[in-house]
Structure formats: C-alpha cells, structure tokens
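Right, one structure below, let's go through it.
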Amino acid sequence: MAELTSVAALWWAVIISGFYHGINPGMGWPLAVSAALMERKHTAMPKALAMLALGHFVAMIAILLPFTVMIALVTWEVEIRVGAGLLVIAMGVYLLINRRHPRFLARVHPARLALWSFLAAMAHGAGLMLVPIFLGICAIGAEETGHLAAQALMGNNIMTAFGVAAVHTFAMTAAGGVIAVIIYFWLGLKFLSRTWFNLDIVWALSLVLVGCFGIYSALYGH
C-alpha cells in the first residue's frame, strides 16, 4: 500500500511539473498568443500550442528513453537515481549562476515552433527535471532479478517513458493554453509586459528542489 502511494505521488509530481512548465513563459505560450495576434485568427493559437507540445514531448522522450535501456539500473538503481538527482541539482546551480538566455533560441524562425520548443526544453533542463521522478516510477522491485528485471526495464519502462512524457506534456499544454487564452481574449499583451514576473530564479531553484526530492526518494522512498 505504501509503495502504491509512493508511485501515485510520483505521478502527481509528473502532472504538477507539467503545470509548472506550462505556466512558465519560457516554455513558449507567449508565442502562441503572438501567432494568433499576427495571423488574426483564433485557430492559430491551438495550432501553435500543438507545435509547442510536440517539441516539448520529443525533448522529454529524448531525455528519458536512454534511461529505459540501462541494464545497469537493475543492480545500480539507487546509485543511478542519486546520480540523476545530483545532475539535476547541478543544472539548477548552473542556471542560478548563468542567468543569460541561450542566444541560439533567438535565431530559430518563429514559424518553427516545434523546433524552438524542443531546444528550449533542452536548454532549460525541462527534461532533466523529469528524470528523478521517472526513475522513481520505474524502480525495480527487490524480487525482480536477472533477465526478468532486464525485460521489465526495456519493455514496461519504455512504455512508462512515453506515458510520463505524454502526461507531463498534456499538463503543460493545458496550463499554458489557459494562460494564452486569458491573455489573448481578455488581458492583452500590454498587461503581460507590465505585470509578468521573471521566473528564471524560481525555475533554477525548482531544479535544485526536484534533484533533492529525487535523491531523497532513492534513498528513503520508493
């Protein structure tokens, strides 16, 4: 029962992190508003959100899939999960020190929203944030050893990776879409420029927090 509760908490972490990514303007929802304003069509917004979601989903898969085929996870599960947590913490510390946004994102053509979303997720460590949570969900049971554990790792966990990426991306798109609709139809970009606050520091600190959560979960949780 306790293990099921722990896994449920990790899945909620996937959803909440998706909402958090969606709220963050750095993940692209202002581009969906801009697309609708420039084309003067309401339909341009869902199309833009879909492209942003596609890029984000591919970025999540690109980060998570390599961990699903790590046979070493069977015998070094805790160590790998701790290492992943430390990597996420290091990314957060790096972003706290280096506040500049990646310049290459500005060079991506505005019409290539999926590519921009993919690169933005990679540059900001969005995929890394999911790794400790994902590894916790995929934890191998103590009774699973040898070939059975390897098969579970490369079979079930691949599907889990797609599931985590899909649930996370859906939550992100829903949160970003709601904000984009509110800005576009009621508040306008002027309100956004006057009132929106910078989430860079909060984002970096959240990476550190998730890394610590991953380490704690590996050592004392599921």
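By convention in this document, the chains of the structure tokens carry letters A, B, ... by their order, each chain's residues are numbered from 1, and ligands are numbered from 1 in the order they are shown.
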Quiz item: If we count only C-alpha atoms, what is near Thr160 (chain A) at a cut-off of 9 Å, once residues fewer than 2 positions away on the same chain are taken out, given as a PyMOL selection string?
Solution: chain A and resi 68+134+137-138+155-158+162-165
Exercise. Could you jot down the CA of Leu207 (chain A) to CA of Leu113 (chain A) separation for me, Å, one decimal place?
Key: 24.3 Å
Practice problem: Using only C-alpha atoms, determine which residues lie at most 7 Å from Ala180 (chain A), disregarding the query and same-chain residues fewer than 6 positions distant; provide the list as a VMD selection string. | Solution: chain A and resid 29 to 30 32 to 33
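Take the candidates A:Met27, A:Leu130, A:Leu65, A:Val210 and check each one against Val167 (chain A) using only C-alpha atoms; the shortest distance goes to A:Leu130.
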Practice problem: Go ahead and compute the interatomic distance for CA of Met45 (chain A) and CA of Val178 (chain A), in Å to one decimal. | Solution: 11.0 Å
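Separating CA of Phe57 (chain A) from CA of Phe185 (chain A) is a distance of 26.9 Å.
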Practice problem: List the neighbours of Ala90 (chain A) out to 9 Å using only C-alpha atoms; skip same-chain residues closer than 3 positions along the sequence, and give me the result as JSON, numbers by chain. | Solution: {"A": [85, 86, 87, 93, 94, 95, 207, 208, 211]}
Go ahead and write the residues just picked, N, CA, C and O atoms, as a PDB file, in the first residue's frame.
```pdb
ATOM      1  N   GLY A  85      19.743  12.757  -9.615  1.00  0.00           N
ATOM      2  CA  GLY A  85      19.366  13.875  -8.755  1.00  0.00           C
ATOM      3  C   GLY A  85      20.465  14.913  -8.659  1.00  0.00           C
ATOM      4  O   GLY A  85      20.209  16.125  -8.719  1.00  0.00           O
ATOM      5  N   LEU A  86      21.699  14.450  -8.528  1.00  0.00           N
ATOM      6  CA  LEU A  86      22.836  15.378  -8.461  1.00  0.00           C
ATOM      7  C   LEU A  86      22.997  16.134  -9.773  1.00  0.00           C
ATOM      8  O   LEU A  86      23.348  17.331  -9.778  1.00  0.00           O
ATOM      9  N   LEU A  87      22.731  15.464 -10.902  1.00  0.00           N
ATOM     10  CA  LEU A  87      22.825  16.121 -12.209  1.00  0.00           C
ATOM     11  C   LEU A  87      21.799  17.232 -12.337  1.00  0.00           C
ATOM     12  O   LEU A  87      22.101  18.321 -12.835  1.00  0.00           O
ATOM     13  N   VAL A  93      21.948  24.822 -10.274  1.00  0.00           N
ATOM     14  CA  VAL A  93      23.002  25.729  -9.800  1.00  0.00           C
ATOM     15  C   VAL A  93      23.603  26.493 -10.977  1.00  0.00           C
ATOM     16  O   VAL A  93      23.867  27.697 -10.893  1.00  0.00           O
ATOM     17  N   TYR A  94      23.803  25.784 -12.101  1.00  0.00           N
ATOM     18  CA  TYR A  94      24.353  26.440 -13.301  1.00  0.00           C
ATOM     19  C   TYR A  94      23.440  27.569 -13.775  1.00  0.00           C
ATOM     20  O   TYR A  94      23.909  28.666 -14.106  1.00  0.00           O
ATOM     21  N   LEU A  95      22.127  27.315 -13.793  1.00  0.00           N
ATOM     22  CA  LEU A  95      21.191  28.342 -14.238  1.00  0.00           C
ATOM     23  C   LEU A  95      21.100  29.498 -13.245  1.00  0.00           C
ATOM     24  O   LEU A  95      20.802  30.631 -13.639  1.00  0.00           O
ATOM     25  N   LEU A 207      14.668  23.213 -10.038  1.00  0.00           N
ATOM     26  CA  LEU A 207      15.518  22.112 -10.456  1.00  0.00           C
ATOM     27  C   LEU A 207      16.291  21.542  -9.254  1.00  0.00           C
ATOM     28  O   LEU A 207      16.411  20.321  -9.092  1.00  0.00           O
ATOM     29  N   VAL A 208      16.819  22.436  -8.436  1.00  0.00           N
ATOM     30  CA  VAL A 208      17.535  22.003  -7.233  1.00  0.00           C
ATOM     31  C   VAL A 208      16.597  21.231  -6.315  1.00  0.00           C
ATOM     32  O   VAL A 208      16.959  20.174  -5.780  1.00  0.00           O
ATOM     33  N   GLY A 211      15.854  17.797  -7.772  1.00  0.00           N
ATOM     34  CA  GLY A 211      17.031  16.943  -7.601  1.00  0.00           C
ATOM     35  C   GLY A 211      17.135  16.401  -6.186  1.00  0.00           C
ATOM     36  O   GLY A 211      17.410  15.215  -5.981  1.00  0.00           O
TER      37      GLY A 211
END
```
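Considering the residues A:Met51, A:Leu119, A:Leu135, A:Ile23 and counting only C-alpha atoms, Val69 (chain A) has its shortest atom-to-atom contact with A:Leu135.
Considering only C-alpha atoms, the residue among A:Gly125, A:Glu39, A:Met172, A:Gly92 positioned nearest to Ala111 (chain A) is A:Glu39.
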Exercise. Go through A:Ala50, A:Leu10, A:Ala84, A:Ile15 one by one, measure the shortest atom-to-atom distance of each to Ala171 (chain A) using only C-alpha atoms, and give the residue with the smallest value.
Key: A:Ile15
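Of the listed residues A:Gly18, A:Gly26, A:Gly83, A:Gly127, the one whose atoms come nearest to Asp200 (chain A) is A:Gly26, with distances taken using only C-alpha atoms.
For the set A:Ile97, A:Val7, A:Ile201, A:Met60, the residue with the smallest atom-to-atom gap to Phe118 (chain A) is A:Met60, counting only C-alpha atoms.
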